[in-house]
Amino acid sequence: MVNLSPEAEAAGYRLISLEATESTNDDALQAARSGDPGQLWIVAAEQHAGRGRHGRQWSSPPGNLYASLVLIDPCEPQHAPQLGFVAGLALHEAIETVTGVSAPRLSLKWPNDLLLDGAKVSGLLLEGHRLQGSGPLAIIIGMGVNVAFAPTGTPYPTKALQSVRPGLTRDDVFQALSASFAQTFSAWRNAARMNANDPFGPIRRLWLERAAGLGQEVTLRLPSGEKRGIFEGLDRFGRLQLKTVSGAELIDAGDLYFPQLLHE
């Protein structure tokens, strides 16, 4: 059982806490399709069919945090991808709060991972669904956090938070996360109202301050193959700015690696 933070409750968030489920993202989508008004967290102690980006299986043993958040019409559709960066910042803040570890040891890897000492401790999955044809836009933000256990057999190092904070529980992490997301999401929406021309600006700046590999040579694995270059930053839409031998490129999506993150 986990609990919402007082800050999240005050901001109108709600919680369904489950012992086991197939996928919290699937449960969240079902809630949205059943008419849930949003700001609903669904958290499970164990998942039997958890997934990451590109449909990859997500290892979901008991002891870690598996959480999905439903938001209904949180923004204009063109701004929805920014919510991945909002959630990443909230996650970074939450883990810093409960572990005492901050940047650069704790860093964000574009577009959706959290690293601790260069090893992955969390992944994030952002999904958008238009309900009932032309109805509301449901955004599902799924997060898996390695609290007690780190998966093995991955193409990159992994780590569990208990390695730096023994005794940490998934409830500790979720309470911090529910509080930090409520605050970060509210700040992002306020910034959007104040600066419609660049609502992503403040979030982009904060995200880049915590970014892994910024200014370094990186490898991007894309459907079309690999690209290598210098990770120079993010544009106003969250696309990765890559400086290559043939010039500057903007990358919408892909898997980012840098030398110390690979198991070769």
# chains A, B, ... in the order shown; residues from 1 in each chain; ligands from 1
$ residues_around --residues "Leu71 of chain A" --least-positions-apart "5" --cutoff "6 Å" --atoms "only C-alpha atoms" --output "list in words"
Gly38, Gln39, Ala138 and Ile139 of chain A
$ write_last_selection --atoms "all heavy atoms" --output "compact mmCIF listing (two decimals), in the first residue's frame"
# COMPACT_ATOMS: atom_id res chain seq x y z
N GLY A 38 -9.46 12.48 -14.54
CA GLY A 38 -8.03 12.72 -14.56
C GLY A 38 -7.46 13.06 -13.20
O GLY A 38 -8.16 13.08 -12.18
N GLN A 39 -6.14 13.30 -13.19
CA GLN A 39 -5.38 13.48 -11.95
C GLN A 39 -5.53 12.25 -11.06
O GLN A 39 -5.63 12.35 -9.84
CB GLN A 39 -5.79 14.75 -11.19
CG GLN A 39 -5.39 16.03 -11.92
CD GLN A 39 -5.62 17.27 -11.08
OE1 GLN A 39 -6.69 17.91 -11.18
NE2 GLN A 39 -4.64 17.61 -10.27
N ALA A 138 -6.48 11.89 -23.52
CA ALA A 138 -5.98 11.28 -22.29
C ALA A 138 -4.48 11.09 -22.41
O ALA A 138 -3.99 10.48 -23.36
CB ALA A 138 -6.67 9.94 -22.04
N ILE A 139 -3.75 11.62 -21.45
CA ILE A 139 -2.31 11.42 -21.36
C ILE A 139 -2.03 10.47 -20.20
O ILE A 139 -2.49 10.71 -19.07
CB ILE A 139 -1.56 12.74 -21.15
CG1 ILE A 139 -1.80 13.70 -22.31
CG2 ILE A 139 -0.06 12.48 -20.96
CD1 ILE A 139 -1.26 13.23 -23.63
$ select_by_dssp --residues "segment 40-224 of chain A" --states "strand (DSSP E or B)" --output "PDB file with N, CA and C atoms, in the first residue's frame"
ATOM      1  N   LEU A  40      -5.499  11.088 -11.699  1.00  0.00           N
ATOM      2  CA  LEU A  40      -5.618   9.812 -10.992  1.00  0.00           C
ATOM      3  C   LEU A  40      -4.314   9.037 -11.118  1.00  0.00           C
ATOM      4  N   TRP A  41      -3.730   8.681  -9.975  1.00  0.00           N
ATOM      5  CA  TRP A  41      -2.571   7.797  -9.929  1.00  0.00           C
ATOM      6  C   TRP A  41      -3.040   6.362  -9.739  1.00  0.00           C
ATOM      7  N   ILE A  42      -2.462   5.446 -10.476  1.00  0.00           N
ATOM      8  CA  ILE A  42      -2.673   4.013 -10.255  1.00  0.00           C
ATOM      9  C   ILE A  42      -1.309   3.403  -9.982  1.00  0.00           C
ATOM     10  N   VAL A  43      -1.177   2.774  -8.815  1.00  0.00           N
ATOM     11  CA  VAL A  43       0.098   2.225  -8.370  1.00  0.00           C
ATOM     12  C   VAL A  43      -0.102   0.755  -8.025  1.00  0.00           C
ATOM     13  N   ALA A  44       0.840  -0.078  -8.424  1.00  0.00           N
ATOM     14  CA  ALA A  44       0.766  -1.509  -8.137  1.00  0.00           C
ATOM     15  C   ALA A  44       2.066  -1.980  -7.492  1.00  0.00           C
ATOM     16  N   ALA A  45       1.931  -2.959  -6.605  1.00  0.00           N
ATOM     17  CA  ALA A  45       3.115  -3.556  -5.985  1.00  0.00           C
ATOM     18  C   ALA A  45       3.853  -4.460  -6.965  1.00  0.00           C
ATOM     19  N   GLU A  46       3.107  -4.977  -7.958  1.00  0.00           N
ATOM     20  CA  GLU A  46       3.703  -5.903  -8.923  1.00  0.00           C
ATOM     21  C   GLU A  46       2.934  -5.817 -10.237  1.00  0.00           C
ATOM     22  N   GLN A  47       3.647  -5.882 -11.355  1.00  0.00           N
ATOM     23  CA  GLN A  47       3.030  -5.942 -12.681  1.00  0.00           C
ATOM     24  C   GLN A  47       3.401  -7.265 -13.347  1.00  0.00           C
ATOM     25  N   ARG A  51       5.486  -2.654 -19.442  1.00  0.00           N
ATOM     26  CA  ARG A  51       6.182  -2.397 -20.701  1.00  0.00           C
ATOM     27  C   ARG A  51       6.853  -1.038 -20.666  1.00  0.00           C
ATOM     28  N   GLN A  57       9.473  -5.227 -22.757  1.00  0.00           N
ATOM     29  CA  GLN A  57       9.013  -5.715 -21.467  1.00  0.00           C
ATOM     30  C   GLN A  57       9.754  -4.985 -20.361  1.00  0.00           C
ATOM     31  N   PRO A  62       8.168  -7.408  -7.101  1.00  0.00           N
ATOM     32  CA  PRO A  62       7.726  -6.673  -5.913  1.00  0.00           C
ATOM     33  C   PRO A  62       8.902  -5.957  -5.256  1.00  0.00           C
ATOM     34  N   ASN A  64       9.690  -2.694  -6.049  1.00  0.00           N
ATOM     35  CA  ASN A  64       9.915  -1.485  -6.827  1.00  0.00           C
ATOM     36  C   ASN A  64       8.607  -0.715  -6.981  1.00  0.00           C
ATOM     37  N   LEU A  65       8.690   0.484  -7.538  1.00  0.00           N
ATOM     38  CA  LEU A  65       7.505   1.327  -7.724  1.00  0.00           C
ATOM     39  C   LEU A  65       7.040   1.271  -9.165  1.00  0.00           C
ATOM     40  N   TYR A  66       5.755   0.969  -9.368  1.00  0.00           N
ATOM     41  CA  TYR A  66       5.125   0.968 -10.686  1.00  0.00           C
ATOM     42  C   TYR A  66       3.903   1.875 -10.593  1.00  0.00           C
ATOM     43  N   ALA A  67       3.966   3.013 -11.258  1.00  0.00           N
ATOM     44  CA  ALA A  67       2.932   4.028 -11.106  1.00  0.00           C
ATOM     45  C   ALA A  67       2.571   4.636 -12.446  1.00  0.00           C
ATOM     46  N   SER A  68       1.293   4.884 -12.646  1.00  0.00           N
ATOM     47  CA  SER A  68       0.816   5.564 -13.855  1.00  0.00           C
ATOM     48  C   SER A  68      -0.154   6.657 -13.449  1.00  0.00           C
ATOM     49  N   LEU A  69      -0.063   7.765 -14.161  1.00  0.00           N
ATOM     50  CA  LEU A  69      -0.911   8.920 -13.888  1.00  0.00           C
ATOM     51  C   LEU A  69      -1.774   9.219 -15.096  1.00  0.00           C
ATOM     52  N   VAL A  70      -3.069   9.418 -14.860  1.00  0.00           N
ATOM     53  CA  VAL A  70      -4.024   9.802 -15.906  1.00  0.00           C
ATOM     54  C   VAL A  70      -4.228  11.313 -15.857  1.00  0.00           C
ATOM     55  N   LEU A  71      -4.040  11.977 -16.983  1.00  0.00           N
ATOM     56  CA  LEU A  71      -4.377  13.383 -17.124  1.00  0.00           C
ATOM     57  C   LEU A  71      -5.326  13.520 -18.311  1.00  0.00           C
ATOM     58  N   ILE A  72      -6.396  14.275 -18.140  1.00  0.00           N
ATOM     59  CA  ILE A  72      -7.377  14.480 -19.208  1.00  0.00           C
ATOM     60  C   ILE A  72      -7.297  15.922 -19.698  1.00  0.00           C
ATOM     61  N   LEU A 106      22.960  12.221 -10.054  1.00  0.00           N
ATOM     62  CA  LEU A 106      21.592  11.905 -10.467  1.00  0.00           C
ATOM     63  C   LEU A 106      21.305  12.731 -11.706  1.00  0.00           C
ATOM     64  N   SER A 107      21.006  12.062 -12.822  1.00  0.00           N
ATOM     65  CA  SER A 107      20.874  12.793 -14.089  1.00  0.00           C
ATOM     66  C   SER A 107      19.738  12.246 -14.935  1.00  0.00           C
ATOM     67  N   LEU A 108      19.290  13.062 -15.878  1.00  0.00           N
ATOM     68  CA  LEU A 108      18.210  12.711 -16.788  1.00  0.00           C
ATOM     69  C   LEU A 108      18.782  12.376 -18.153  1.00  0.00           C
ATOM     70  N   LYS A 109      18.414  11.218 -18.686  1.00  0.00           N
ATOM     71  CA  LYS A 109      18.881  10.806 -20.009  1.00  0.00           C
ATOM     72  C   LYS A 109      17.737  10.963 -21.005  1.00  0.00           C
ATOM     73  N   ASP A 113      14.749   8.601 -19.232  1.00  0.00           N
ATOM     74  CA  ASP A 113      15.337   7.774 -18.183  1.00  0.00           C
ATOM     75  C   ASP A 113      15.958   8.629 -17.091  1.00  0.00           C
ATOM     76  N   LEU A 114      16.034   8.046 -15.887  1.00  0.00           N
ATOM     77  CA  LEU A 114      16.738   8.661 -14.776  1.00  0.00           C
ATOM     78  C   LEU A 114      17.924   7.769 -14.436  1.00  0.00           C
ATOM     79  N   LEU A 115      19.105   8.390 -14.336  1.00  0.00           N
ATOM     80  CA  LEU A 115      20.333   7.651 -14.065  1.00  0.00           C
ATOM     81  C   LEU A 115      20.885   8.019 -12.704  1.00  0.00           C
ATOM     82  N   LEU A 116      21.445   7.032 -12.027  1.00  0.00           N
ATOM     83  CA  LEU A 116      22.168   7.230 -10.785  1.00  0.00           C
ATOM     84  C   LEU A 116      23.576   6.702 -10.989  1.00  0.00           C
ATOM     85  N   ALA A 119      23.940   4.699 -14.105  1.00  0.00           N
ATOM     86  CA  ALA A 119      23.145   3.480 -14.244  1.00  0.00           C
ATOM     87  C   ALA A 119      21.660   3.827 -14.137  1.00  0.00           C
ATOM     88  N   LYS A 120      20.845   3.144 -14.906  1.00  0.00           N
ATOM     89  CA  LYS A 120      19.412   3.450 -14.965  1.00  0.00           C
ATOM     90  C   LYS A 120      18.699   3.005 -13.691  1.00  0.00           C
ATOM     91  N   VAL A 121      17.968   3.942 -13.086  1.00  0.00           N
ATOM     92  CA  VAL A 121      17.144   3.609 -11.926  1.00  0.00           C
ATOM     93  C   VAL A 121      15.658   3.775 -12.215  1.00  0.00           C
ATOM     94  N   SER A 122      15.327   4.422 -13.336  1.00  0.00           N
ATOM     95  CA  SER A 122      13.914   4.627 -13.641  1.00  0.00           C
ATOM     96  C   SER A 122      13.710   4.865 -15.131  1.00  0.00           C
ATOM     97  N   GLY A 123      12.574   4.410 -15.623  1.00  0.00           N
ATOM     98  CA  GLY A 123      12.148   4.691 -16.983  1.00  0.00           C
ATOM     99  C   GLY A 123      10.764   5.302 -16.957  1.00  0.00           C
ATOM    100  N   LEU A 124      10.440   5.988 -18.033  1.00  0.00           N
ATOM    101  CA  LEU A 124       9.169   6.709 -18.114  1.00  0.00           C
ATOM    102  C   LEU A 124       8.546   6.446 -19.467  1.00  0.00           C
ATOM    103  N   LEU A 125       7.250   6.211 -19.482  1.00  0.00           N
ATOM    104  CA  LEU A 125       6.522   5.963 -20.724  1.00  0.00           C
ATOM    105  C   LEU A 125       5.348   6.927 -20.816  1.00  0.00           C
ATOM    106  N   LEU A 126       5.350   7.753 -21.871  1.00  0.00           N
ATOM    107  CA  LEU A 126       4.284   8.724 -22.093  1.00  0.00           C
ATOM    108  C   LEU A 126       3.421   8.248 -23.254  1.00  0.00           C
ATOM    109  N   GLU A 127       2.125   8.112 -23.003  1.00  0.00           N
ATOM    110  CA  GLU A 127       1.188   7.661 -24.035  1.00  0.00           C
ATOM    111  C   GLU A 127       0.024   8.641 -24.135  1.00  0.00           C
ATOM    112  N   GLY A 128      -0.398   8.919 -25.362  1.00  0.00           N
ATOM    113  CA  GLY A 128      -1.544   9.781 -25.587  1.00  0.00           C
ATOM    114  C   GLY A 128      -2.646   9.034 -26.315  1.00  0.00           C
ATOM    115  N   HIS A 129      -3.878   9.220 -25.895  1.00  0.00           N
ATOM    116  CA  HIS A 129      -5.024   8.531 -26.494  1.00  0.00           C
ATOM    117  C   HIS A 129      -6.174   9.524 -26.650  1.00  0.00           C
ATOM    118  N   ARG A 130      -6.705   9.619 -27.856  1.00  0.00           N
ATOM    119  CA  ARG A 130      -7.898  10.419 -28.096  1.00  0.00           C
ATOM    120  C   ARG A 130      -9.102   9.549 -27.776  1.00  0.00           C
ATOM    121  N   LEU A 137      -8.453  14.329 -24.820  1.00  0.00           N
ATOM    122  CA  LEU A 137      -7.140  13.716 -24.955  1.00  0.00           C
ATOM    123  C   LEU A 137      -6.701  13.189 -23.595  1.00  0.00           C
ATOM    124  N   ALA A 138      -6.477  11.893 -23.518  1.00  0.00           N
ATOM    125  CA  ALA A 138      -5.984  11.283 -22.287  1.00  0.00           C
ATOM    126  C   ALA A 138      -4.475  11.090 -22.408  1.00  0.00           C
ATOM    127  N   ILE A 139      -3.748  11.621 -21.450  1.00  0.00           N
ATOM    128  CA  ILE A 139      -2.307  11.416 -21.364  1.00  0.00           C
ATOM    129  C   ILE A 139      -2.029  10.472 -20.198  1.00  0.00           C
ATOM    130  N   ILE A 140      -1.308   9.402 -20.491  1.00  0.00           N
ATOM    131  CA  ILE A 140      -0.934   8.431 -19.460  1.00  0.00           C
ATOM    132  C   ILE A 140       0.575   8.528 -19.287  1.00  0.00           C
ATOM    133  N   ILE A 141       0.999   8.782 -18.063  1.00  0.00           N
ATOM    134  CA  ILE A 141       2.429   8.842 -17.752  1.00  0.00           C
ATOM    135  C   ILE A 141       2.754   7.680 -16.830  1.00  0.00           C
ATOM    136  N   GLY A 142       3.493   6.716 -17.354  1.00  0.00           N
ATOM    137  CA  GLY A 142       3.875   5.546 -16.568  1.00  0.00           C
ATOM    138  C   GLY A 142       5.317   5.654 -16.122  1.00  0.00           C
ATOM    139  N   MET A 143       5.579   5.283 -14.878  1.00  0.00           N
ATOM    140  CA  MET A 143       6.933   5.331 -14.337  1.00  0.00           C
ATOM    141  C   MET A 143       7.228   4.038 -13.587  1.00  0.00           C
ATOM    142  N   GLY A 144       8.405   3.491 -13.838  1.00  0.00           N
ATOM    143  CA  GLY A 144       8.896   2.364 -13.070  1.00  0.00           C
ATOM    144  C   GLY A 144      10.194   2.769 -12.409  1.00  0.00           C
ATOM    145  N   VAL A 145      10.292   2.583 -11.101  1.00  0.00           N
ATOM    146  CA  VAL A 145      11.473   3.017 -10.353  1.00  0.00           C
ATOM    147  C   VAL A 145      12.073   1.815  -9.625  1.00  0.00           C
ATOM    148  N   THR A 158      22.207  -1.005 -14.601  1.00  0.00           N
ATOM    149  CA  THR A 158      21.042  -0.605 -13.819  1.00  0.00           C
ATOM    150  C   THR A 158      21.428  -0.556 -12.344  1.00  0.00           C
ATOM    151  N   ALA A 211      20.839  17.180 -17.264  1.00  0.00           N
ATOM    152  CA  ALA A 211      20.939  16.250 -18.389  1.00  0.00           C
ATOM    153  C   ALA A 211      22.251  15.461 -18.366  1.00  0.00           C
ATOM    154  N   GLU A 217      30.070  13.482 -26.777  1.00  0.00           N
ATOM    155  CA  GLU A 217      29.767  12.669 -27.945  1.00  0.00           C
ATOM    156  C   GLU A 217      28.831  11.542 -27.535  1.00  0.00           C
ATOM    157  N   VAL A 218      27.776  11.355 -28.292  1.00  0.00           N
ATOM    158  CA  VAL A 218      26.764  10.347 -27.971  1.00  0.00           C
ATOM    159  C   VAL A 218      26.440   9.537 -29.223  1.00  0.00           C
ATOM    160  N   THR A 219      25.773   8.410 -28.993  1.00  0.00           N
ATOM    161  CA  THR A 219      25.265   7.584 -30.080  1.00  0.00           C
ATOM    162  C   THR A 219      23.754   7.530 -29.967  1.00  0.00           C
ATOM    163  N   LEU A 220      23.077   7.744 -31.067  1.00  0.00           N
ATOM    164  CA  LEU A 220      21.622   7.628 -31.127  1.00  0.00           C
ATOM    165  C   LEU A 220      21.263   6.433 -31.995  1.00  0.00           C
ATOM    166  N   ARG A 221      20.483   5.525 -31.452  1.00  0.00           N
ATOM    167  CA  ARG A 221      20.019   4.375 -32.209  1.00  0.00           C
ATOM    168  C   ARG A 221      18.601   4.665 -32.697  1.00  0.00           C
ATOM    169  N   LEU A 222      18.469   4.749 -34.001  1.00  0.00           N
ATOM    170  CA  LEU A 222      17.225   5.120 -34.659  1.00  0.00           C
ATOM    171  C   LEU A 222      16.766   3.973 -35.552  1.00  0.00           C
TER     172      LEU A 222
END
$ atom_distance --atom1 "atom CA of Asp36 of chain A" --atom2 "atom CA of Pro111 of chain A"
27.9 Å
$ closest_residue --among "A:Glu76, A:Glu7, A:Glu22, A:Asp27" --to "Ser60 of chain A" --atoms "only C-alpha atoms"
A:Glu22
$ atom_distance --atom1 "atom CA of Gly238 of chain A" --atom2 "atom CA of Asn25 of chain A"
23.0 Å
$ residues_around --residues "Phe149 of chain A" --least-positions-apart "4" --cutoff "8 Å" --atoms "only C-alpha atoms" --output "list in words"
Pro61, Gly63, Asn64, Lys159 and Ala160 of chain A
$ residues_around --residues "Leu83 of chain A" --least-positions-apart "2" --cutoff "10 Å" --atoms "only C-alpha atoms" --output "PyMOL selection string"
chain A and resi 74-75+79-81+85-89+126+139-141+185+188+200+203
$ write_last_selection --atoms "C-alpha atoms" --output "PDB file, in the first residue's frame"
ATOM      1  CA  PRO A  74      -3.909  18.724 -19.650  1.00  0.00           C
ATOM      2  CA  CYS A  75      -2.719  20.946 -22.513  1.00  0.00           C
ATOM      3  CA  HIS A  79       2.460  20.542 -26.189  1.00  0.00           C
ATOM      4  CA  ALA A  80       1.757  17.033 -24.838  1.00  0.00           C
ATOM      5  CA  PRO A  81       5.303  15.686 -25.493  1.00  0.00           C
ATOM      6  CA  PHE A  85      10.169  16.314 -19.497  1.00  0.00           C
ATOM      7  CA  VAL A  86       7.850  17.634 -16.766  1.00  0.00           C
ATOM      8  CA  ALA A  87       7.563  14.121 -15.355  1.00  0.00           C
ATOM      9  CA  GLY A  88      11.323  13.577 -15.653  1.00  0.00           C
ATOM     10  CA  LEU A  89      12.029  16.715 -13.642  1.00  0.00           C
ATOM     11  CA  LEU A 126       4.284   8.724 -22.093  1.00  0.00           C
ATOM     12  CA  ILE A 139      -2.307  11.416 -21.364  1.00  0.00           C
ATOM     13  CA  ILE A 140      -0.934   8.431 -19.460  1.00  0.00           C
ATOM     14  CA  ILE A 141       2.429   8.842 -17.752  1.00  0.00           C
ATOM     15  CA  PHE A 185       3.009  20.256 -13.425  1.00  0.00           C
ATOM     16  CA  TRP A 188       4.625  24.247 -16.180  1.00  0.00           C
ATOM     17  CA  PHE A 200       8.684  24.857 -22.694  1.00  0.00           C
ATOM     18  CA  ILE A 203      11.238  23.300 -18.117  1.00  0.00           C
TER      19      ILE A 203
END
$ atom_distance --atom1 "atom CA of Ala103 of chain A" --atom2 "atom CA of Asn195 of chain A"
27.6 Å
$ residues_around --residues "Ala176 of chain A" --least-positions-apart "6" --cutoff "12 Å" --atoms "only C-alpha atoms" --output "PyMOL selection string"
chain A and resi 2-8+90-99+168-170+182-183
$ residues_around --residues "Leu250 of chain A" --least-positions-apart "3" --cutoff "9 Å" --atoms "only C-alpha atoms" --output "PyMOL selection string"
chain A and resi 234-235+239-243
$ write_last_selection --atoms "all heavy atoms" --output "PDB file, in the first residue's frame"
ATOM      1  N   LEU A 234      18.407  20.877 -26.337  1.00  0.00           N
ATOM      2  CA  LEU A 234      17.053  20.592 -26.790  1.00  0.00           C
ATOM      3  C   LEU A 234      16.500  21.827 -27.489  1.00  0.00           C
ATOM      4  O   LEU A 234      16.791  22.957 -27.081  1.00  0.00           O
ATOM      5  CB  LEU A 234      16.129  20.260 -25.608  1.00  0.00           C
ATOM      6  CG  LEU A 234      16.503  19.112 -24.688  1.00  0.00           C
ATOM      7  CD1 LEU A 234      15.496  19.022 -23.544  1.00  0.00           C
ATOM      8  CD2 LEU A 234      16.556  17.803 -25.449  1.00  0.00           C
ATOM      9  N   ASP A 235      15.701  21.623 -28.525  1.00  0.00           N
ATOM     10  CA  ASP A 235      15.043  22.769 -29.137  1.00  0.00           C
ATOM     11  C   ASP A 235      13.756  23.071 -28.388  1.00  0.00           C
ATOM     12  O   ASP A 235      13.446  22.441 -27.369  1.00  0.00           O
ATOM     13  CB  ASP A 235      14.831  22.547 -30.638  1.00  0.00           C
ATOM     14  CG  ASP A 235      13.664  21.624 -30.955  1.00  0.00           C
ATOM     15  OD1 ASP A 235      13.083  21.005 -30.024  1.00  0.00           O
ATOM     16  OD2 ASP A 235      13.327  21.493 -32.141  1.00  0.00           O
ATOM     17  N   ARG A 239      13.104  18.367 -29.004  1.00  0.00           N
ATOM     18  CA  ARG A 239      13.921  17.534 -29.885  1.00  0.00           C
ATOM     19  C   ARG A 239      15.395  17.690 -29.531  1.00  0.00           C
ATOM     20  O   ARG A 239      15.845  18.785 -29.192  1.00  0.00           O
ATOM     21  CB  ARG A 239      13.680  17.920 -31.346  1.00  0.00           C
ATOM     22  CG  ARG A 239      12.269  17.631 -31.813  1.00  0.00           C
ATOM     23  CD  ARG A 239      12.036  18.079 -33.249  1.00  0.00           C
ATOM     24  NE  ARG A 239      12.149  19.526 -33.387  1.00  0.00           N
ATOM     25  CZ  ARG A 239      11.859  20.191 -34.501  1.00  0.00           C
ATOM     26  NH1 ARG A 239      11.447  19.518 -35.574  1.00  0.00           N
ATOM     27  NH2 ARG A 239      11.988  21.511 -34.553  1.00  0.00           N
ATOM     28  N   LEU A 240      16.124  16.580 -29.636  1.00  0.00           N
ATOM     29  CA  LEU A 240      17.539  16.597 -29.309  1.00  0.00           C
ATOM     30  C   LEU A 240      18.323  17.273 -30.426  1.00  0.00           C
ATOM     31  O   LEU A 240      18.130  16.973 -31.609  1.00  0.00           O
ATOM     32  CB  LEU A 240      18.047  15.172 -29.087  1.00  0.00           C
ATOM     33  CG  LEU A 240      19.496  15.032 -28.605  1.00  0.00           C
ATOM     34  CD1 LEU A 240      19.612  13.900 -27.601  1.00  0.00           C
ATOM     35  CD2 LEU A 240      20.427  14.752 -29.788  1.00  0.00           C
ATOM     36  N   GLN A 241      19.203  18.183 -30.048  1.00  0.00           N
ATOM     37  CA  GLN A 241      20.058  18.886 -31.005  1.00  0.00           C
ATOM     38  C   GLN A 241      21.395  18.156 -31.063  1.00  0.00           C
ATOM     39  O   GLN A 241      22.124  18.095 -30.067  1.00  0.00           O
ATOM     40  CB  GLN A 241      20.250  20.337 -30.568  1.00  0.00           C
ATOM     41  CG  GLN A 241      18.947  21.139 -30.575  1.00  0.00           C
ATOM     42  CD  GLN A 241      19.075  22.489 -29.893  1.00  0.00           C
ATOM     43  OE1 GLN A 241      19.741  22.610 -28.876  1.00  0.00           O
ATOM     44  NE2 GLN A 241      18.429  23.497 -30.451  1.00  0.00           N
ATOM     45  N   LEU A 242      21.695  17.598 -32.222  1.00  0.00           N
ATOM     46  CA  LEU A 242      22.888  16.784 -32.405  1.00  0.00           C
ATOM     47  C   LEU A 242      23.809  17.442 -33.433  1.00  0.00           C
ATOM     48  O   LEU A 242      23.398  17.716 -34.565  1.00  0.00           O
ATOM     49  CB  LEU A 242      22.491  15.382 -32.885  1.00  0.00           C
ATOM     50  CG  LEU A 242      23.602  14.339 -32.957  1.00  0.00           C
ATOM     51  CD1 LEU A 242      24.041  13.939 -31.550  1.00  0.00           C
ATOM     52  CD2 LEU A 242      23.130  13.115 -33.747  1.00  0.00           C
ATOM     53  N   LYS A 243      25.046  17.688 -33.048  1.00  0.00           N
ATOM     54  CA  LYS A 243      26.052  18.237 -33.969  1.00  0.00           C
ATOM     55  C   LYS A 243      26.841  17.075 -34.556  1.00  0.00           C
ATOM     56  O   LYS A 243      27.563  16.373 -33.852  1.00  0.00           O
ATOM     57  CB  LYS A 243      26.986  19.189 -33.236  1.00  0.00           C
ATOM     58  CG  LYS A 243      28.035  19.826 -34.135  1.00  0.00           C
ATOM     59  CD  LYS A 243      28.931  20.756 -33.337  1.00  0.00           C
ATOM     60  CE  LYS A 243      30.000  21.387 -34.222  1.00  0.00           C
ATOM     61  NZ  LYS A 243      30.903  22.274 -33.439  1.00  0.00           N
TER      62      LYS A 243
END
$ decode --residues "segment 136-151 of chain A" --atoms "N, CA and C atoms" --output "mmCIF file, in the first residue's frame"
data_model
loop_
_atom_site.group_PDB
_atom_site.id
_atom_site.type_symbol
_atom_site.label_atom_id
_atom_site.label_comp_id
_atom_site.auth_asym_id
_atom_site.auth_seq_id
_atom_site.Cartn_x
_atom_site.Cartn_y
_atom_site.Cartn_z
ATOM 1 N N PRO A 136 -12.006 13.869 -25.541
ATOM 2 C CA PRO A 136 -10.872 14.412 -24.791
ATOM 3 C C PRO A 136 -9.578 13.656 -25.081
ATOM 4 N N LEU A 137 -8.453 14.329 -24.820
ATOM 5 C CA LEU A 137 -7.140 13.716 -24.955
ATOM 6 C C LEU A 137 -6.701 13.189 -23.595
ATOM 7 N N ALA A 138 -6.477 11.893 -23.518
ATOM 8 C CA ALA A 138 -5.984 11.283 -22.287
ATOM 9 C C ALA A 138 -4.475 11.090 -22.408
ATOM 10 N N ILE A 139 -3.748 11.621 -21.450
ATOM 11 C CA ILE A 139 -2.307 11.416 -21.364
ATOM 12 C C ILE A 139 -2.029 10.472 -20.198
ATOM 13 N N ILE A 140 -1.308 9.402 -20.491
ATOM 14 C CA ILE A 140 -0.934 8.431 -19.460
ATOM 15 C C ILE A 140 0.575 8.528 -19.287
ATOM 16 N N ILE A 141 0.999 8.782 -18.063
ATOM 17 C CA ILE A 141 2.429 8.842 -17.752
ATOM 18 C C ILE A 141 2.754 7.680 -16.830
ATOM 19 N N GLY A 142 3.493 6.716 -17.354
ATOM 20 C CA GLY A 142 3.875 5.546 -16.568
ATOM 21 C C GLY A 142 5.317 5.654 -16.122
ATOM 22 N N MET A 143 5.579 5.283 -14.878
ATOM 23 C CA MET A 143 6.933 5.331 -14.337
ATOM 24 C C MET A 143 7.228 4.038 -13.587
ATOM 25 N N GLY A 144 8.405 3.491 -13.838
ATOM 26 C CA GLY A 144 8.896 2.364 -13.070
ATOM 27 C C GLY A 144 10.194 2.769 -12.409
ATOM 28 N N VAL A 145 10.292 2.583 -11.101
ATOM 29 C CA VAL A 145 11.473 3.017 -10.353
ATOM 30 C C VAL A 145 12.073 1.815 -9.625
ATOM 31 N N ASN A 146 13.369 1.598 -9.848
ATOM 32 C CA ASN A 146 14.074 0.516 -9.157
ATOM 33 C C ASN A 146 14.366 0.956 -7.723
ATOM 34 N N VAL A 147 13.516 0.566 -6.820
ATOM 35 C CA VAL A 147 13.706 0.934 -5.418
ATOM 36 C C VAL A 147 14.543 -0.130 -4.705
ATOM 37 N N ALA A 148 14.067 -1.388 -4.733
ATOM 38 C CA ALA A 148 14.757 -2.471 -4.032
ATOM 39 C C ALA A 148 15.592 -3.339 -4.965
ATOM 40 N N PHE A 149 15.168 -3.463 -6.221
ATOM 41 C CA PHE A 149 15.827 -4.392 -7.149
ATOM 42 C C PHE A 149 16.128 -3.708 -8.479
ATOM 43 N N ALA A 150 17.247 -4.099 -9.084
ATOM 44 C CA ALA A 150 17.624 -3.616 -10.411
ATOM 45 C C ALA A 150 17.579 -4.779 -11.384
ATOM 46 N N PRO A 151 16.930 -4.631 -12.535
ATOM 47 C CA PRO A 151 16.865 -5.735 -13.506
ATOM 48 C C PRO A 151 18.241 -6.076 -14.057
#
